[in-house]
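Data from run_29.cif: mmCIF, C-alpha atoms and all ligand atoms
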```cif
data_target
#
loop_
_atom_site.label_atom_id
_atom_site.label_comp_id
_atom_site.auth_asym_id
_atom_site.auth_seq_id
_atom_site.Cartn_x
_atom_site.Cartn_y
_atom_site.Cartn_z
CA MET V 1 -5.47 -1.60 -23.16
CA GLN V 2 -7.88 -3.74 -21.25
CA LYS V 3 -8.75 -2.32 -17.83
CA TYR V 4 -7.67 -5.21 -15.74
CA PHE V 5 -5.18 -4.74 -12.94
CA ILE V 6 -4.68 -1.95 -10.39
CA ASP V 7 -1.55 -2.15 -8.27
CA SER V 8 -2.30 -0.49 -4.93
CA HIS V 9 1.36 -0.39 -3.88
CA LEU V 10 4.13 0.16 -6.41
CA HIS V 11 7.37 2.05 -5.71
CA PHE V 12 7.67 3.13 -9.32
CA ASP V 13 9.93 6.04 -8.35
CA PHE V 14 12.63 3.51 -7.29
CA TYR V 15 13.24 2.65 -10.94
CA PRO V 16 15.81 4.72 -12.86
CA GLN V 17 14.09 7.54 -14.67
CA ASN V 18 15.41 6.38 -18.03
CA ASP V 19 13.46 3.15 -17.65
CA HIS V 20 10.12 4.71 -16.68
CA LYS V 21 8.71 4.87 -20.17
CA SER V 22 9.49 1.29 -21.10
CA ILE V 23 8.33 -0.10 -17.75
CA LYS V 24 5.02 1.75 -18.02
CA GLN V 25 4.58 0.52 -21.58
CA ASN V 26 5.24 -3.03 -20.49
CA MET V 27 2.72 -2.63 -17.66
CA GLN V 28 0.10 -1.36 -20.11
CA GLU V 29 0.74 -4.26 -22.47
CA HIS V 30 -0.01 -6.54 -19.53
CA ASN V 31 -3.31 -4.80 -18.77
CA ILE V 32 -2.15 -2.94 -15.69
CA PHE V 33 -4.13 0.27 -16.01
CA ALA V 34 -3.41 2.14 -12.77
CA ALA V 35 -0.98 2.09 -9.85
CA ILE V 36 -0.57 3.90 -6.55
CA ILE V 37 2.94 5.12 -5.71
CA PRO V 38 3.47 5.48 -1.95
CA ALA V 39 6.32 7.67 -0.72
CA ILE V 40 8.79 6.56 1.93
CA HIS V 41 10.56 9.86 2.67
CA ILE V 42 10.03 13.56 1.95
CA ASN V 43 12.99 13.35 -0.45
CA ASN V 44 10.92 11.41 -2.97
CA PHE V 45 7.69 13.47 -2.76
CA LEU V 46 8.58 15.65 -5.73
CA THR V 47 9.72 12.72 -7.88
CA ILE V 48 6.45 10.91 -7.21
CA GLN V 49 4.49 14.06 -7.89
CA LYS V 50 6.28 14.56 -11.20
CA ILE V 51 5.65 10.95 -12.26
CA SER V 52 1.92 11.25 -11.48
CA GLN V 53 1.59 14.60 -13.22
CA LYS V 54 3.33 13.21 -16.30
CA ASN V 55 1.06 10.14 -16.26
CA PRO V 56 -2.35 11.41 -15.11
CA ALA V 57 -5.01 8.75 -14.62
CA TYR V 58 -2.26 6.13 -14.54
CA PHE V 59 0.03 6.78 -11.58
CA TYR V 60 -1.49 8.16 -8.38
CA PRO V 61 0.60 9.59 -5.53
CA ALA V 62 0.50 8.88 -1.79
CA TYR V 63 2.69 10.83 0.60
CA GLY V 64 3.98 9.77 3.99
CA LEU V 65 6.97 8.90 6.16
CA HIS V 66 7.98 5.22 6.16
CA PRO V 67 8.94 4.07 9.69
CA CYS V 68 12.25 2.59 8.51
CA PHE V 69 13.45 5.92 7.14
CA LEU V 70 12.61 8.33 9.96
CA GLU V 71 15.19 10.89 10.98
CA ALA V 72 14.86 11.73 14.68
CA ARG V 73 16.54 15.12 14.27
CA ASN V 74 14.22 16.39 11.54
CA ILE V 75 11.00 14.71 12.53
CA GLN V 76 8.97 17.81 13.40
CA GLU V 77 10.13 19.54 10.23
CA ASN V 78 9.36 16.51 8.10
CA LEU V 79 5.88 16.13 9.59
CA SER V 80 5.09 19.80 8.93
CA TYR V 81 6.42 19.41 5.39
CA LEU V 82 4.09 16.43 4.89
CA ASP V 83 1.12 18.33 6.31
CA ASP V 84 1.85 21.32 4.10
CA PHE V 85 2.40 19.13 1.05
CA LEU V 86 -0.96 17.42 1.55
CA ALA V 87 -2.63 20.81 1.97
CA HIS V 88 -1.37 22.06 -1.39
CA ASN V 89 -1.10 19.01 -3.62
CA GLN V 90 -3.30 16.22 -4.93
CA ALA V 91 -2.90 12.87 -3.21
CA ILE V 92 -4.92 9.67 -3.32
CA ALA V 93 -3.73 8.38 0.07
CA ILE V 94 -1.31 8.95 2.93
CA GLY V 95 1.64 6.57 3.25
CA GLU V 96 3.39 4.57 3.51
CA CYS V 97 3.52 4.95 7.25
CA GLY V 98 3.34 2.56 10.16
CA LEU V 99 5.57 0.70 12.59
CA ASP V 100 8.57 -1.53 11.95
CA PHE V 101 9.97 -3.06 15.13
CA TYR V 102 12.49 -5.04 13.12
CA SER V 103 14.26 -1.80 12.20
CA ASP V 104 16.47 -0.05 14.75
CA ILE V 105 14.53 3.23 14.62
CA ASP V 106 13.32 4.16 18.10
CA ALA V 107 9.89 2.62 18.75
CA ASP V 108 8.47 5.65 20.61
CA LEU V 109 9.46 7.90 17.75
CA GLN V 110 7.76 5.55 15.28
CA ILE V 111 4.57 5.50 17.34
CA LYS V 112 4.51 9.28 17.62
CA VAL V 113 4.92 9.68 13.86
CA PHE V 114 2.31 7.02 13.14
CA LEU V 115 -0.19 8.85 15.37
CA SER V 116 0.48 12.03 13.39
CA HIS V 117 -0.33 10.16 10.17
CA ILE V 118 -3.67 9.06 11.65
CA GLU V 119 -4.47 12.70 12.41
CA LEU V 120 -3.51 13.74 8.89
CA SER V 121 -5.67 10.96 7.48
CA ASN V 122 -8.68 12.45 9.25
CA LYS V 123 -7.70 16.03 8.49
CA TYR V 124 -7.47 15.40 4.73
CA LYS V 125 -10.02 12.56 4.60
CA LEU V 126 -7.50 10.29 2.90
CA PRO V 127 -6.93 6.58 3.54
CA LEU V 128 -3.73 5.33 5.21
CA ILE V 129 -1.33 2.83 3.66
CA ILE V 130 0.17 1.06 6.66
CA HIS V 131 3.46 -0.82 6.77
CA THR V 132 3.93 -3.25 9.64
CA ARG V 133 6.70 -5.67 10.60
CA LYS V 134 6.81 -7.32 14.02
CA SER V 135 4.35 -4.62 15.09
CA LEU V 136 0.85 -5.60 14.00
CA GLU V 137 -0.37 -6.07 17.59
CA LYS V 138 0.70 -2.53 18.50
CA ILE V 139 -0.76 -1.11 15.28
CA LEU V 140 -4.12 -2.72 16.03
CA GLN V 141 -4.06 -1.45 19.62
CA ILE V 142 -3.54 2.06 18.29
CA LEU V 143 -6.19 1.74 15.57
CA GLU V 144 -8.72 0.52 18.12
CA LYS V 145 -8.33 3.78 20.02
CA LYS V 146 -7.76 6.20 17.16
CA SER V 147 -9.32 5.43 13.84
CA PRO V 148 -8.04 6.97 10.62
CA HIS V 149 -10.30 7.92 7.71
CA ASN V 150 -9.69 4.44 6.32
CA PHE V 151 -6.70 2.08 6.23
CA VAL V 152 -5.03 -0.84 4.50
CA ILE V 153 -2.52 -3.14 6.20
CA HIS V 154 -0.11 -3.46 3.31
CA ASN V 155 1.31 -6.95 2.61
CA PHE V 156 -0.73 -8.47 5.44
CA SER V 157 0.63 -11.35 7.43
CA GLY V 158 -0.80 -12.18 10.83
CA SER V 159 -3.07 -14.40 12.88
CA ASP V 160 -6.75 -15.13 12.30
CA ILE V 161 -7.58 -12.98 15.34
CA GLN V 162 -5.58 -10.04 13.99
CA LEU V 163 -7.23 -10.43 10.59
CA LYS V 164 -10.67 -10.39 12.18
CA LYS V 165 -9.73 -7.28 14.16
CA ILE V 166 -8.70 -5.47 10.96
CA PHE V 167 -12.08 -6.25 9.39
CA ASP V 168 -13.92 -5.31 12.61
CA LEU V 169 -12.20 -1.94 12.35
CA ASP V 170 -13.45 -1.67 8.74
CA GLY V 171 -9.89 -1.91 7.41
CA PHE V 172 -8.54 -3.52 4.27
CA ILE V 173 -5.59 -5.85 3.73
CA GLY V 174 -3.05 -5.65 0.93
CA ILE V 175 -2.44 -8.97 -0.81
CA GLY V 176 0.97 -9.12 -2.38
CA ARG V 177 3.88 -11.26 -3.39
CA SER V 178 4.17 -13.07 -0.06
CA SER V 179 0.76 -14.70 -0.65
CA VAL V 180 2.30 -16.61 -3.54
CA TYR V 181 5.14 -18.22 -1.60
CA ALA V 182 4.75 -21.96 -1.07
CA LYS V 183 5.41 -21.60 2.67
CA ALA V 184 2.65 -19.00 3.18
CA LEU V 185 0.16 -21.65 4.23
CA ARG V 186 -1.55 -19.71 7.02
CA LEU V 187 -2.07 -16.70 4.76
CA GLN V 188 -3.38 -18.85 1.91
CA LYS V 189 -5.86 -20.49 4.25
CA GLN V 190 -7.04 -17.05 5.41
CA LEU V 191 -7.37 -15.82 1.83
CA ALA V 192 -9.59 -18.75 0.91
CA ASN V 193 -12.34 -17.14 3.02
CA ILE V 194 -11.50 -13.47 2.77
CA PRO V 195 -14.45 -11.06 2.53
CA THR V 196 -14.68 -10.05 -1.13
CA ASN V 197 -14.83 -6.33 -0.32
CA ARG V 198 -11.89 -6.02 2.07
CA TYR V 199 -8.70 -6.45 0.04
CA LEU V 200 -6.45 -4.67 -2.45
CA LEU V 201 -3.89 -6.33 -4.72
CA GLU V 202 -0.32 -5.04 -4.69
CA THR V 203 3.26 -5.88 -5.68
CA ASP V 204 5.42 -3.52 -3.57
CA ALA V 205 7.81 -3.69 -6.56
CA PRO V 206 10.63 -3.25 -7.25
CA LYS V 207 11.44 -4.72 -3.89
CA ASP V 208 9.47 -6.30 -1.12
CA ILE V 209 11.14 -4.58 1.83
CA LYS V 210 9.75 -7.10 4.27
CA THR V 211 11.16 -10.20 2.67
CA GLN V 212 14.03 -8.56 0.81
CA TYR V 213 12.71 -10.37 -2.22
CA SER V 214 14.61 -8.68 -5.00
CA GLU V 215 13.14 -10.13 -8.16
CA ASN V 216 9.81 -8.46 -7.80
CA ASN V 217 8.42 -6.38 -10.67
CA PRO V 218 5.10 -4.71 -11.56
CA LEU V 219 3.96 -7.63 -13.74
CA PHE V 220 3.77 -9.90 -10.68
CA ILE V 221 0.35 -8.38 -10.00
CA GLN V 222 -0.98 -11.01 -12.44
CA GLN V 223 0.59 -13.79 -10.43
CA VAL V 224 -0.88 -12.41 -7.19
CA ALA V 225 -4.34 -12.23 -8.79
CA ASN V 226 -4.07 -15.68 -10.37
CA ASN V 227 -2.94 -17.17 -7.09
CA LEU V 228 -5.91 -15.64 -5.25
CA SER V 229 -8.32 -16.93 -7.87
CA LYS V 230 -6.86 -20.42 -7.46
CA ILE V 231 -6.99 -20.30 -3.64
CA ARG V 232 -10.62 -19.17 -3.69
CA ALA V 233 -11.58 -21.34 -6.66
CA VAL V 234 -13.16 -18.43 -8.51
CA LYS V 235 -12.52 -17.04 -11.98
CA ILE V 236 -9.76 -14.49 -12.43
CA GLU V 237 -12.37 -12.07 -13.82
CA GLN V 238 -14.08 -12.05 -10.45
CA ILE V 239 -10.82 -11.13 -8.69
CA VAL V 240 -10.21 -8.39 -11.24
CA GLU V 241 -13.69 -6.94 -10.73
CA GLU V 242 -13.48 -7.10 -6.94
CA ASN V 243 -10.05 -5.50 -6.92
CA ILE V 244 -11.22 -2.60 -9.08
CA ARG V 245 -14.34 -2.08 -7.00
CA ASN V 246 -12.42 -2.32 -3.71
CA SER V 247 -9.78 0.11 -4.98
CA GLU V 248 -12.45 2.58 -6.04
CA ILE V 249 -14.11 2.43 -2.65
CA PHE V 250 -10.85 2.54 -0.68
CA PHE V 251 -9.21 5.35 -2.64
CA GLN V 252 -12.53 7.21 -3.21
CA HIS V 253 -11.72 7.50 -6.88
CA SER V 254 -13.16 6.16 -10.10
CA PHE V 255 -10.28 4.53 -11.98
CA THR V 256 -12.35 3.16 -14.85
ZN ZN W 1 6.25 -0.34 0.20
#
```

Hey, can you dump this file as structure tokens for me?
Amino acid sequence: MQKYFIDSHLHFDFYPQNDHKSIKQNMQEHNIFAAIIPAIHINNFLTIQKISQKNPAYFYPAYGLHPCFLEARNIQENLSYLDDFLAHNQAIAIGECGLDFYSDIDADLQIKVFLSHIELSNKYKLPLIIHTRKSLEKILQILEKKSPHNFVIHNFSGSDIQLKKIFDLDGFIGIGRSSVYAKALRLQKQLANIPTNRYLLETDAPKDIKTQYSENNPLFIQQVANNLSKIRAVKIEQIVEENIRNSEIFFQHSFT
């Protein structure tokens, strides 16, 4: 297997367990040599842990509470469970967490939980994988006051000013499927001049929650990379190298 693509955001645990082996094999045949699996709820922590333990140096776990799946009644319990889980288990990042003002989960609750994730990020010195929908302004306001160990705005979409703010805060952006859409003109323009050390490639497969795009799969990482190389008019090898280097810096881990 050629060491080519790292997917920084793949919900591999969403696939039926019976398909795991064949999907991984297919990924390897397409030169995808590592992927980060972010959790969305405490209910999938153990599944993700099992997948990463079964596939060491291939799948890497991140644990967190996704804003769309918060349960107001159990929030304190779930946060303590997360804290305890991070204290006793290997993780490469914390997430996915963040704010989603499109969902009907109470905004104050989301903010409170997001702030807890920032604290955990500093406590365990792990980077944050941040989900945002209709909430980037608020996220940036929070990050300006309280900085996590490190962070990536997963599946970035926003204004030039917001993008600059992310980089001013030393953050990363996740470049995913939405960068490929024909209508994503603003994003494509931004990507043409993106700093080479500030991005991670991702698919968010099997589903892009934000766009409800349902035909996503892990192999689309190639399309995302090819598209970026076209936008920037550089060779695909350069994108591959940058993505590996950026992932190693962001996740503080040597994948190669
Ligand atoms: Zn996700």

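Comparing the minimum interatomic distances between ligand ZN 1 (chain W) and each of V:Arg232, V:Lys24, V:Arg198, V:Lys207, counting all atoms listed in the file, we find that V:Lys207 sits nearest.
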
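Taking only C-alpha atoms and all ligand atoms into account, the protein and nucleic acid residues that come at most 8 Å from ligand ZN 1 (chain W) are His9, Leu10, His11, Pro38, Ile40, Glu96, His131, His154, Asp204, Ala205, Lys207, Asp208 and Ile209 of chain V.
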
Practice item. Mind checking which residues fall within 10 Å of segment 189-195 of chain V, counting all atoms listed in the file, ignoring those fewer than 2 positions away in the same chain, and posting them as a list in words? Key: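 Close residues of segment 189-195 of chain V: Ser157, Gly158, Ser159, Asp160, Leu163, Lys164, Phe167, Phe172, Ile173, Ile175, Ser179, Ala184, Leu185, Arg186, Leu187, Asn197, Arg198, Tyr199, Leu228, Ser229, Lys230, Ile231, Arg232 and Ala233 of chain V.
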
Point to revise | Exercise: Leu219 of chain V partners within 12 Å, all atoms listed in the file, chain neighbours under 3 positions left out, as a ChimeraX atom specification | key: /V:5-7,10,23-33,35,176-177,202-206,215-216,222-226

Study note, to complete from the structure: Here atom CA of Ile130 of chain V and atom CA of Tyr15 of chain V stand apart by 22.0 Å

So that each row is one residue of segment 65-100 of chain V with an atom at most 12 Å from segment 45-55 of chain V, can you give its shortest atom pair and the distance in Å to one decimal, using all atoms listed in the file, rows by chain and rising number, as a Markdown table?
```
| residue | atom | partner | partner_atom | distance |
| --- | --- | --- | --- | --- |
| V:Leu65 | CA | V:Phe45 | CA | 10.0 |
| V:Asn78 | CA | V:Phe45 | CA | 11.4 |
| V:Tyr81 | CA | V:Phe45 | CA | 10.2 |
| V:Leu82 | CA | V:Phe45 | CA | 9.0 |
| V:Asp84 | CA | V:Phe45 | CA | 11.9 |
| V:Phe85 | CA | V:Phe45 | CA | 8.6 |
| V:Leu86 | CA | V:Phe45 | CA | 10.4 |
| V:His88 | CA | V:Gln49 | CA | 11.9 |
| V:Asn89 | CA | V:Gln49 | CA | 8.6 |
| V:Gln90 | CA | V:Gln49 | CA | 8.6 |
| V:Ala91 | CA | V:Gln49 | CA | 8.8 |
| V:Ile92 | CA | V:Ser52 | CA | 10.8 |
| V:Ile94 | CA | V:Phe45 | CA | 11.6 |
| V:Gly95 | CA | V:Phe45 | CA | 11.0 |
| V:Glu96 | CA | V:Phe45 | CA | 11.7 |
```
